[in-house]
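S.K.: Below is the file target-v6.cif, which contains mmCIF, C-alpha atoms.
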```cif
data_run
#
loop_
_atom_site.label_atom_id
_atom_site.label_comp_id
_atom_site.auth_asym_id
_atom_site.auth_seq_id
_atom_site.Cartn_x
_atom_site.Cartn_y
_atom_site.Cartn_z
CA MET A 23 21.37 17.21 10.84
CA GLU A 24 21.82 14.62 13.60
CA SER A 25 19.10 16.23 15.70
CA LEU A 26 16.77 16.19 12.69
CA GLU A 27 17.46 12.50 12.10
CA ALA A 28 16.74 11.77 15.76
CA GLU A 29 13.46 13.69 15.65
CA ILE A 30 12.30 11.90 12.48
CA ALA A 31 13.42 8.57 13.94
CA GLY A 32 11.17 9.23 16.91
CA ILE A 33 7.96 9.65 14.90
CA ALA A 34 5.55 6.80 15.65
CA LEU A 35 4.58 6.26 12.02
CA VAL A 36 1.14 5.28 10.79
CA ASP A 37 1.71 2.71 8.05
CA HIS A 38 -1.56 3.40 6.27
CA HIS A 39 -1.38 0.47 3.85
CA VAL A 40 0.22 -2.80 4.84
CA HIS A 41 -0.41 -6.54 4.69
CA GLY A 42 0.21 -9.32 7.17
CA VAL A 43 3.41 -11.22 7.80
CA VAL A 44 3.35 -14.81 6.51
CA PRO A 45 3.54 -17.05 9.59
CA GLY A 46 6.02 -19.89 9.89
CA GLU A 47 9.40 -20.53 8.37
CA VAL A 48 10.28 -19.84 4.74
CA ASP A 49 13.09 -21.41 2.74
CA ARG A 50 15.44 -19.42 0.55
CA GLY A 51 13.31 -19.78 -2.56
CA GLU A 52 10.21 -18.55 -0.73
CA PHE A 53 12.14 -15.70 0.87
CA GLU A 54 13.53 -14.51 -2.46
CA GLY A 55 10.11 -14.82 -4.05
CA LEU A 56 8.80 -12.35 -1.48
CA LEU A 57 11.55 -9.87 -2.40
CA THR A 58 9.99 -9.26 -5.81
CA GLU A 59 6.61 -8.22 -7.17
CA SER A 60 6.91 -10.92 -9.82
CA ASP A 61 4.73 -13.99 -9.34
CA ARG A 62 7.14 -16.09 -11.41
CA ALA A 63 9.83 -18.34 -9.93
CA VAL A 64 13.22 -16.68 -9.54
CA PRO A 65 15.48 -18.11 -12.29
CA GLY A 66 18.24 -20.37 -11.03
CA TRP A 67 20.97 -18.24 -12.62
CA MET A 68 20.18 -15.19 -10.45
CA THR A 69 19.27 -14.17 -6.92
CA GLN A 70 16.89 -11.48 -5.66
CA PHE A 71 19.54 -10.54 -3.12
CA ASP A 72 21.25 -8.87 -6.10
CA SER A 73 18.55 -6.19 -6.32
CA PRO A 74 18.04 -2.79 -4.66
CA LEU A 75 15.72 -4.44 -2.15
CA GLY A 76 18.07 -7.36 -1.54
CA PHE A 77 20.95 -5.01 -0.78
CA ALA A 78 18.70 -3.00 1.57
CA VAL A 79 17.81 -6.16 3.51
CA ARG A 80 21.48 -6.96 4.03
CA ARG A 81 22.28 -3.36 5.04
CA TRP A 82 19.37 -2.48 7.33
CA CYS A 83 17.81 -5.73 8.51
CA ALA A 84 20.98 -7.69 9.27
CA PRO A 85 21.86 -5.58 12.38
CA VAL A 86 18.36 -6.17 13.80
CA LEU A 87 19.10 -9.90 13.68
CA GLY A 88 22.47 -9.44 15.39
CA LEU A 89 24.60 -9.46 12.25
CA PRO A 90 26.95 -6.79 10.88
CA PRO A 91 25.63 -4.59 8.07
CA HIS A 92 26.05 -6.19 4.63
CA ALA A 93 26.14 -9.75 5.98
CA SER A 94 26.06 -12.25 3.15
CA PRO A 95 22.73 -13.75 2.08
CA GLU A 96 23.83 -17.10 3.49
CA GLU A 97 24.71 -15.55 6.87
CA TYR A 98 21.46 -13.63 6.92
CA LEU A 99 19.25 -16.62 6.18
CA THR A 100 21.13 -18.78 8.69
CA ALA A 101 20.58 -16.18 11.42
CA ARG A 102 16.95 -15.90 10.43
CA GLU A 103 16.44 -19.65 10.71
CA SER A 104 18.28 -19.79 14.04
CA LEU A 105 16.12 -17.07 15.60
CA GLY A 106 12.85 -18.50 14.29
CA SER A 107 10.11 -16.68 12.43
CA GLY A 108 8.32 -15.43 15.54
CA GLU A 109 11.39 -13.73 16.98
CA VAL A 110 12.41 -12.32 13.59
CA THR A 111 8.94 -10.84 13.16
CA ARG A 112 8.91 -9.39 16.66
CA ARG A 113 12.34 -7.78 16.25
CA LEU A 114 11.73 -6.27 12.83
CA LEU A 115 8.25 -4.91 13.55
CA SER A 116 9.50 -3.38 16.79
CA ALA A 117 12.59 -1.87 15.15
CA SER A 118 10.43 -0.21 12.48
CA GLY A 119 9.15 2.35 14.96
CA VAL A 120 5.68 2.13 13.41
CA GLY A 121 3.06 3.15 15.95
CA ARG A 122 -0.03 1.94 14.09
CA PHE A 123 -0.69 -0.39 11.16
CA LEU A 124 -3.64 -0.19 8.76
CA LEU A 125 -3.89 -3.79 7.59
CA GLU A 126 -5.44 -4.61 4.21
CA THR A 127 -6.71 -8.15 4.70
CA GLY A 128 -7.67 -9.08 1.13
CA LEU A 129 -4.61 -11.23 0.48
CA GLY A 130 -5.75 -13.63 3.15
CA ALA A 131 -2.53 -15.60 3.67
CA GLY A 132 -0.76 -13.40 6.23
CA LEU A 133 -1.38 -12.65 9.89
CA GLY A 134 -4.76 -11.09 10.58
CA VAL A 135 -5.57 -7.99 12.59
CA ALA A 136 -5.35 -9.59 16.05
CA GLU A 137 -2.22 -11.59 15.18
CA MET A 138 -0.42 -8.55 13.76
CA ALA A 139 -1.33 -6.56 16.87
CA GLU A 140 0.09 -9.31 19.05
CA ALA A 141 3.28 -9.61 16.99
CA SER A 142 3.92 -5.86 16.83
CA GLY A 143 2.53 -4.75 20.18
CA LYS A 144 0.86 -1.86 18.33
CA PRO A 145 -2.70 -0.97 17.33
CA VAL A 146 -3.80 -2.55 14.05
CA HIS A 147 -6.89 -1.45 12.10
CA GLU A 148 -8.50 -3.23 9.17
CA VAL A 149 -8.87 -2.02 5.59
CA VAL A 150 -11.42 -4.18 3.73
CA ARG A 151 -10.86 -5.18 0.11
CA LEU A 152 -14.01 -4.60 -1.94
CA GLU A 153 -13.39 -7.37 -4.46
CA SER A 154 -12.85 -9.95 -1.72
CA VAL A 155 -16.24 -9.18 -0.19
CA LEU A 156 -17.94 -9.42 -3.58
CA GLU A 157 -16.30 -12.79 -4.20
CA GLU A 158 -17.38 -14.01 -0.74
CA VAL A 159 -20.98 -13.08 -1.54
CA ALA A 160 -20.74 -14.92 -4.87
CA ARG A 161 -19.49 -18.08 -3.17
CA SER A 162 -22.49 -18.00 -0.82
CA GLY A 163 -24.78 -19.04 -3.69
CA VAL A 164 -26.52 -15.71 -4.16
CA PRO A 165 -28.81 -15.44 -7.24
CA ALA A 166 -27.88 -12.70 -9.70
CA ALA A 167 -31.02 -10.70 -8.97
CA GLU A 168 -30.06 -10.39 -5.30
CA LEU A 169 -26.35 -9.64 -5.78
CA PRO A 170 -26.57 -5.82 -5.57
CA SER A 171 -28.50 -5.75 -2.30
CA ARG A 172 -26.67 -8.69 -0.74
CA PHE A 173 -23.28 -7.17 -1.52
CA ARG A 174 -24.20 -3.82 0.02
CA GLU A 175 -25.43 -5.60 3.14
CA ALA A 176 -22.30 -7.76 3.35
CA LEU A 177 -20.02 -4.78 2.85
CA ALA A 178 -21.72 -2.88 5.67
CA VAL A 179 -21.18 -5.84 8.00
CA ARG A 180 -17.58 -6.57 6.94
CA SER A 181 -16.53 -2.93 7.20
CA ALA A 182 -18.38 -2.09 10.42
CA ASP A 183 -15.11 -1.85 12.36
CA ALA A 184 -12.85 -0.97 9.41
CA VAL A 185 -11.14 2.38 8.90
CA GLY A 186 -11.09 2.17 5.11
CA LEU A 187 -11.77 0.19 1.95
CA LYS A 188 -9.46 -0.92 -0.85
CA SER A 189 -9.97 -1.61 -4.57
CA ILE A 190 -7.75 -3.63 -6.88
CA ILE A 191 -9.59 -2.62 -10.04
CA ALA A 192 -6.12 -1.72 -11.39
CA TYR A 193 -5.25 -5.43 -11.34
CA ARG A 194 -8.55 -6.85 -12.47
CA HIS A 195 -9.23 -4.42 -15.33
CA GLY A 196 -7.24 -1.17 -15.30
CA PHE A 197 -8.30 2.43 -14.83
CA ASP A 198 -9.75 2.84 -18.33
CA PHE A 199 -13.24 1.97 -17.06
CA ASP A 200 -16.56 3.78 -17.39
CA PRO A 201 -16.41 6.33 -14.55
CA GLU A 202 -20.20 6.37 -14.01
CA PRO A 203 -21.85 4.10 -11.42
CA PRO A 204 -23.70 1.17 -13.03
CA GLY A 205 -27.40 0.67 -12.36
CA ASP A 206 -28.56 -2.44 -10.53
CA ALA A 207 -30.12 -3.88 -13.71
CA GLU A 208 -26.75 -3.65 -15.46
CA VAL A 209 -25.07 -5.32 -12.47
CA VAL A 210 -27.59 -8.17 -12.50
CA ARG A 211 -27.02 -8.78 -16.22
CA ALA A 212 -23.25 -8.96 -15.68
CA ALA A 213 -23.60 -11.12 -12.58
CA GLY A 214 -25.57 -13.90 -14.30
CA PRO A 215 -22.73 -15.33 -16.47
CA TRP A 216 -20.16 -14.71 -13.72
CA LEU A 217 -22.12 -16.62 -11.09
CA ARG A 218 -22.93 -19.47 -13.51
CA ASP A 219 -19.24 -19.80 -14.40
CA GLY A 220 -18.43 -20.51 -10.75
CA GLY A 221 -14.86 -19.21 -10.81
CA PHE A 222 -15.78 -16.25 -8.62
CA ARG A 223 -12.66 -14.23 -9.43
CA VAL A 224 -14.26 -10.92 -10.32
CA SER A 225 -12.84 -9.24 -13.42
CA ASP A 226 -15.95 -8.01 -15.24
CA PRO A 227 -15.67 -4.19 -15.49
CA VAL A 228 -19.35 -3.69 -14.62
CA LEU A 229 -19.02 -5.71 -11.42
CA LEU A 230 -15.76 -4.01 -10.51
CA ARG A 231 -17.35 -0.58 -11.00
CA PHE A 232 -20.32 -1.70 -8.93
CA ALA A 233 -18.07 -2.74 -6.03
CA LEU A 234 -16.11 0.49 -6.26
CA TRP A 235 -19.20 2.70 -6.28
CA ALA A 236 -20.73 0.67 -3.44
CA GLY A 237 -17.56 1.54 -1.55
CA VAL A 238 -18.14 5.20 -2.30
CA GLU A 239 -21.70 4.84 -0.98
CA ARG A 240 -20.29 3.27 2.20
CA GLY A 241 -18.49 6.55 2.88
CA LEU A 242 -15.16 5.26 4.20
CA PRO A 243 -11.83 6.36 2.68
CA ILE A 244 -11.01 4.26 -0.39
CA GLN A 245 -7.51 3.09 -1.24
CA LEU A 246 -6.77 2.30 -4.89
CA HIS A 247 -3.74 0.29 -5.89
CA THR A 248 -2.09 2.41 -8.57
CA ALA A 249 0.74 1.64 -11.01
CA TYR A 250 3.64 -0.65 -9.94
CA GLY A 251 2.65 -4.18 -8.95
CA ASP A 252 2.85 -7.81 -10.02
CA PRO A 253 2.34 -9.04 -13.62
CA ASP A 254 -1.39 -9.52 -13.05
CA LEU A 255 -1.79 -5.86 -13.99
CA GLU A 256 -0.91 -4.01 -17.19
CA LEU A 257 1.09 -1.01 -16.08
CA HIS A 258 0.12 1.34 -18.90
CA ARG A 259 -3.54 0.99 -17.87
CA CYS A 260 -2.78 1.90 -14.24
CA ASP A 261 -1.74 5.54 -14.64
CA PRO A 262 -3.81 7.47 -12.07
CA LEU A 263 -4.54 10.17 -14.65
CA LEU A 264 -6.97 7.68 -16.18
CA LEU A 265 -9.02 8.06 -12.99
CA THR A 266 -9.58 11.79 -13.50
CA ARG A 267 -13.25 11.57 -14.51
CA PHE A 268 -14.00 9.05 -11.75
CA ILE A 269 -12.28 11.37 -9.26
CA LYS A 270 -14.47 14.26 -10.43
CA ASN A 271 -17.59 12.12 -10.09
CA VAL A 272 -16.69 11.11 -6.54
CA GLU A 273 -15.84 14.63 -5.38
CA PRO A 274 -19.43 15.68 -4.48
CA ARG A 275 -19.77 12.53 -2.33
CA GLY A 276 -17.16 13.75 0.17
CA VAL A 277 -15.20 10.47 0.11
CA ASP A 278 -11.40 10.52 0.32
CA LEU A 279 -9.46 8.61 -2.34
CA LEU A 280 -5.95 7.39 -1.56
CA LEU A 281 -3.72 6.49 -4.49
CA LEU A 282 -1.25 3.81 -3.39
CA HIS A 283 2.36 3.46 -4.56
CA CYS A 284 1.92 5.29 -7.89
CA TYR A 285 5.46 4.60 -9.21
CA PRO A 286 6.43 5.43 -11.94
CA PHE A 287 3.40 7.74 -12.18
CA HIS A 288 3.93 9.38 -8.78
CA ARG A 289 4.26 12.84 -10.32
CA ASN A 290 0.88 12.32 -12.00
CA ALA A 291 -0.57 11.31 -8.64
CA ALA A 292 0.94 14.41 -7.04
CA TYR A 293 -0.85 16.55 -9.62
CA LEU A 294 -4.18 14.89 -8.82
CA ALA A 295 -3.56 15.37 -5.10
CA GLN A 296 -2.83 19.05 -5.68
CA VAL A 297 -5.95 19.87 -7.68
CA PHE A 298 -8.58 17.64 -6.01
CA PRO A 299 -9.24 18.15 -2.29
CA HIS A 300 -10.28 14.53 -1.69
CA VAL A 301 -7.24 12.88 -3.36
CA HIS A 302 -4.16 11.76 -1.41
CA PHE A 303 -1.24 9.55 -2.39
CA ASP A 304 1.88 7.71 -1.27
CA VAL A 305 4.90 6.04 -2.88
CA GLY A 306 4.81 3.09 -0.47
CA LEU A 307 5.73 0.02 -2.48
CA ALA A 308 8.38 1.89 -4.46
CA ILE A 309 10.32 2.89 -1.33
CA ASN A 310 11.30 -0.70 -0.53
CA HIS A 311 11.92 -1.80 -4.09
CA THR A 312 14.14 1.14 -5.03
CA GLY A 313 16.36 0.59 -1.98
CA ALA A 314 19.31 2.98 -1.90
CA ARG A 315 17.63 5.12 -4.58
CA SER A 316 14.39 5.49 -2.59
CA GLU A 317 15.50 8.96 -1.53
CA ALA A 318 15.03 10.13 -5.12
CA VAL A 319 11.49 8.72 -5.31
CA ILE A 320 10.56 10.30 -1.98
CA ALA A 321 11.98 13.64 -3.14
CA GLU A 322 9.94 13.50 -6.35
CA SER A 323 6.79 12.80 -4.33
CA LEU A 324 7.36 16.09 -2.49
CA GLU A 325 7.75 18.27 -5.60
CA LEU A 326 4.17 19.35 -6.26
CA ALA A 327 1.45 18.13 -3.91
CA PRO A 328 0.53 19.94 -0.69
CA PHE A 329 2.18 18.08 2.15
CA ALA A 330 -1.19 17.49 3.81
CA LYS A 331 -2.01 15.17 0.87
CA VAL A 332 1.03 12.85 1.14
CA LEU A 333 1.01 9.77 3.40
CA TYR A 334 3.50 7.10 4.47
CA SER A 335 3.04 3.41 3.73
CA SER A 336 5.28 0.40 3.23
CA ASP A 337 2.83 -1.95 1.44
CA ALA A 338 4.82 -4.65 3.22
CA TRP A 339 3.61 -8.18 2.57
CA GLY A 340 4.86 -11.54 3.73
CA LEU A 341 8.28 -10.69 5.14
CA PRO A 342 8.63 -8.53 8.28
CA GLU A 343 11.80 -7.23 6.66
CA LEU A 344 9.56 -5.18 4.36
CA HIS A 345 7.64 -3.63 7.26
CA HIS A 346 10.96 -2.59 8.81
CA LEU A 347 12.64 -1.43 5.61
CA GLY A 348 9.77 0.77 4.51
CA ALA A 349 10.09 2.77 7.72
CA VAL A 350 13.90 2.84 7.72
CA LEU A 351 14.20 4.00 4.12
CA TRP A 352 11.43 6.58 4.50
CA ARG A 353 13.07 8.08 7.59
CA ARG A 354 16.46 8.06 5.89
CA GLY A 355 15.14 9.71 2.74
CA MET A 356 13.12 12.33 4.59
CA SER A 357 16.05 13.21 6.87
CA ARG A 358 18.34 13.78 3.90
CA ILE A 359 15.82 15.66 1.77
CA LEU A 360 14.53 17.90 4.54
CA GLY A 361 17.99 18.37 6.00
CA HIS A 362 19.14 19.75 2.66
CA HIS A 363 16.25 22.23 2.66
CA VAL A 364 17.29 23.45 6.12
CA GLU A 365 20.97 23.74 5.17
CA SER A 366 20.10 25.69 2.03
CA GLY A 367 17.98 28.11 4.01
CA ASP A 368 14.82 27.27 2.05
CA TRP A 369 12.97 25.82 5.03
CA THR A 370 13.29 26.16 8.80
CA ALA A 371 14.06 23.25 11.11
CA GLU A 372 10.67 23.78 12.79
CA ASP A 373 8.86 23.52 9.45
CA VAL A 374 10.63 20.34 8.30
CA LEU A 375 9.76 18.53 11.51
CA ARG A 376 6.14 19.59 11.17
CA ILE A 377 6.05 18.30 7.58
CA ALA A 378 7.72 15.02 8.53
CA ARG A 379 5.12 14.44 11.26
CA MET A 380 2.31 15.31 8.86
CA ILE A 381 3.39 12.79 6.26
CA GLY A 382 4.54 10.11 8.67
CA ARG A 383 1.59 10.21 11.05
CA ASP A 384 -0.78 13.17 11.20
CA ASN A 385 -2.28 13.00 7.70
CA ALA A 386 -3.27 9.36 8.13
CA GLU A 387 -4.75 10.05 11.55
CA ARG A 388 -6.90 12.79 10.00
CA VAL A 389 -8.02 10.94 6.85
CA TYR A 390 -8.89 7.68 8.62
CA GLY A 391 -10.32 9.30 11.76
CA LEU A 392 -7.74 7.74 14.06
CA ARG A 393 -7.61 10.66 16.48
#
```
The structure in this file should be written as structure tokens.
M.R.:
Amino acid sequence: MESLEAEIAGIALVDHHVHGVVPGEVDRGEFEGLLTESDRAVPGWMTQFDSPLGFAVRRWCAPVLGLPPHASPEEYLTARESLGSGEVTRRLLSASGVGRFLLETGLGAGLGVAEMAEASGKPVHEVVRLESVLEEVARSGVPAAELPSRFREALAVRSADAVGLKSIIAYRHGFDFDPEPPGDAEVVRAAGPWLRDGGFRVSDPVLLRFALWAGVERGLPIQLHTAYGDPDLELHRCDPLLLTRFIKNVEPRGVDLLLLHCYPFHRNAAYLAQVFPHVHFDVGLAINHTGARSEAVIAESLELAPFAKVLYSSDAWGLPELHHLGAVLWRRGMSRILGHHVESGDWTAEDVLRIARMIGRDNAERVYGLR
């Protein structure tokens, strides 16, 4: 078991979906706000340190900052302030053992590709958010009649060096959308009121479908946020099974679809990954937020899908603690799950290491062409 843990600890992971660290110092309120997917203020009568993720920070991140495991929140935040944000980021990214980050830059507020590469000392590749590009084109003053062509041109330029694309249609509408690509005339009709309104936050289902299908035309792997996330989405409309017809329509195009996070619908995502060759999935965001119980979520993600269809991600955003914890909890869960399979005689030690490398690194290298 110890040798297995050491081997899994030595895998230079590819974190195939991650966001940038927020630069500069954060106070306690800001720190706790980044420990939850809620976009509401943390009530004064509670603390996010009393959560599965909060406990995981104290257990696994405290030693990286020179504290004993389970240091109090006050001790942890004092040490964090004393070290400074730059040193905290450097230590936690390094301790994660991640060998390559695929950075989704649509949030905009965190470190960019070059800054994350400098902070981590590792290669960082960009994943471009479709909706962000569409909103950038809208802000440029484009007339509705030119939106379809101008967006396709802008997307080609913005994604020229990217390894993948990302859609947040789950947030802006849900997966209960028309799975057929809209025609340009339909897009122009929808674009007129949107552009005149001037808000430029795209939520019209026609425009969202247009961006998504333009991504398919671009030919890069497409990540789709699925299920668990902040209150901007409606969870019951984010079950990946609602994507089934869209998935079937994309299949002839030869474009890989990557379902992100998927909790609590990760078994549904595993089914889709089993039956459709171009569908892959992870349980990224759920690993951090389930903390000590993340082993159970990881185990459930390995129940059905072929192991070549499962990837590792942390979906870390804002705090470098999340980049570190995603890797720590994934390695811990995989070591325990796979170790049990070896001890029971169901799998060989050689096979479990091969599977761990596939999920932690090799599958992402294949899907995104990183080799």
S.K.: Just say which residues the PyMOL selection byres ((chain A and resi 356) around 9) picks in this file, as a PyMOL selection string.
M.R.: chain A and resi 27+30+317+320-321+351-355+357-361+378
S.K.: Translate the PyMOL selection byres ((chain A and resi 163) around 12) into a concrete residue list for this structure, as a PyMOL selection string.
M.R.: chain A and resi 156-162+164-169+172+213-214+216-218+220+222
S.K.: How many Å lie between atom CA of Ser60 of chain A and atom CA of Asp252 of chain A, rounded to one decimal?
M.R.: 5.1 Å
S.K.: Evaluate the PyMOL selection byres ((chain A and resi 118) around 7) on the structure here and hand back the selected residues as a list in words.
M.R.: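 Answer for the PyMOL selection byres ((chain A and resi 118) around 7): Leu114, Leu115, Ser116, Ala117, Gly119, Val120, His345, His346, Ala349 and Val350 of chain A.
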S.K.: Determine the nearest neighbour of Leu326 of chain A from the options A:Ser94, A:Arg289, A:Arg240, A:Leu133, counting only C-alpha atoms.
M.R.: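 With only C-alpha atoms as the atom set, the closest residue is A:Arg289.
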S.K.: First collect every listed atom of segment 123-128 of chain A; then fit an axis-aligned box around them, widen it by 4 Å on each side, and give centre and edge lengths in Å to one decimal, as JSON.
M.R.:
```
{"center_x": -4.2, "center_y": -4.6, "center_z": 6.1, "size_x": 15.0, "size_y": 16.9, "size_z": 18.0}
```
S.K.: Kindly indicate which residue among A:Leu324, A:Leu129, A:Leu392, A:Ala207 lies nearest to His147 of chain A, using only C-alpha atoms for the distances.
M.R.: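 Closest residue, counting only C-alpha atoms: A:Leu392.
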S.K.: So the first atom is atom CA of Leu282 of chain A and the second is atom CA of Ala308 of chain A; what is the distance between them in Å, to one decimal place?
M.R.: 9.9 Å
S.K.: Name the closest residue to Ile244 of chain A among the candidates A:Lys188, A:His283, A:His288, A:Arg379; distances are taken between atoms, counting only C-alpha atoms.
M.R.: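 Among A:Lys188, A:His283, A:His288, A:Arg379, it is A:Lys188 that comes nearest to Ile244 of chain A.
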S.K.: Can you take the partial segment 306-331 of chain A, add N, CA and C atoms, and return it as a short mmCIF file (atom, residue, chain, number, x, y, z; two decimals), in the coordinates of the input?
M.R.:
```
data_model
loop_
_atom_site.label_atom_id
_atom_site.label_comp_id
_atom_site.auth_asym_id
_atom_site.auth_seq_id
_atom_site.Cartn_x
_atom_site.Cartn_y
_atom_site.Cartn_z
N GLY A 306 4.48 4.18 -1.37
CA GLY A 306 4.81 3.09 -0.47
C GLY A 306 5.63 1.96 -1.03
N LEU A 307 5.06 1.21 -1.95
CA LEU A 307 5.73 0.02 -2.48
C LEU A 307 7.07 0.35 -3.12
N ALA A 308 7.15 1.52 -3.76
CA ALA A 308 8.38 1.89 -4.46
C ALA A 308 9.53 2.16 -3.51
N ILE A 309 9.24 2.57 -2.27
CA ILE A 309 10.32 2.89 -1.33
C ILE A 309 11.18 1.65 -1.09
N ASN A 310 10.54 0.53 -0.76
CA ASN A 310 11.30 -0.70 -0.53
C ASN A 310 12.04 -1.16 -1.78
N HIS A 311 11.35 -1.17 -2.90
CA HIS A 311 11.92 -1.80 -4.09
C HIS A 311 12.98 -0.95 -4.79
N THR A 312 13.06 0.32 -4.47
CA THR A 312 14.14 1.14 -5.03
C THR A 312 15.34 1.23 -4.08
N GLY A 313 15.22 0.73 -2.88
CA GLY A 313 16.36 0.59 -1.98
C GLY A 313 17.15 1.87 -1.78
N ALA A 314 18.43 1.84 -2.11
CA ALA A 314 19.31 2.98 -1.90
C ALA A 314 18.88 4.20 -2.70
N ARG A 315 18.11 4.01 -3.76
CA ARG A 315 17.63 5.12 -4.58
C ARG A 315 16.25 5.62 -4.14
N SER A 316 15.72 5.09 -3.04
CA SER A 316 14.39 5.49 -2.59
C SER A 316 14.34 6.97 -2.23
N GLU A 317 15.45 7.53 -1.83
CA GLU A 317 15.50 8.96 -1.53
C GLU A 317 15.02 9.79 -2.72
N ALA A 318 15.42 9.39 -3.92
CA ALA A 318 15.03 10.13 -5.12
C ALA A 318 13.52 10.06 -5.34
N VAL A 319 12.94 8.88 -5.13
CA VAL A 319 11.49 8.72 -5.31
C VAL A 319 10.74 9.55 -4.27
N ILE A 320 11.20 9.51 -3.04
CA ILE A 320 10.56 10.30 -1.98
C ILE A 320 10.65 11.78 -2.31
N ALA A 321 11.82 12.23 -2.78
CA ALA A 321 11.98 13.64 -3.14
C ALA A 321 11.02 14.05 -4.25
N GLU A 322 10.85 13.19 -5.24
CA GLU A 322 9.94 13.50 -6.35
C GLU A 322 8.49 13.56 -5.87
N SER A 323 8.16 12.77 -4.85
CA SER A 323 6.79 12.80 -4.33
C SER A 323 6.49 14.09 -3.59
N LEU A 324 7.53 14.84 -3.23
CA LEU A 324 7.36 16.09 -2.49
C LEU A 324 7.48 17.33 -3.38
N GLU A 325 7.52 17.14 -4.68
CA GLU A 325 7.75 18.27 -5.60
C GLU A 325 6.53 19.16 -5.77
N LEU A 326 5.33 18.61 -5.78
CA LEU A 326 4.17 19.35 -6.26
C LEU A 326 3.00 19.38 -5.29
N ALA A 327 2.68 18.24 -4.71
CA ALA A 327 1.45 18.13 -3.91
C ALA A 327 1.60 18.87 -2.59
N PRO A 328 0.50 19.41 -2.06
CA PRO A 328 0.53 19.94 -0.69
C PRO A 328 0.91 18.81 0.27
N PHE A 329 1.67 19.13 1.27
CA PHE A 329 2.18 18.08 2.15
C PHE A 329 1.08 17.43 2.99
N ALA A 330 -0.06 18.09 3.10
CA ALA A 330 -1.19 17.49 3.81
C ALA A 330 -1.84 16.37 3.02
N LYS A 331 -1.41 16.18 1.75
CA LYS A 331 -2.01 15.17 0.87
C LYS A 331 -1.11 13.96 0.66
#
```
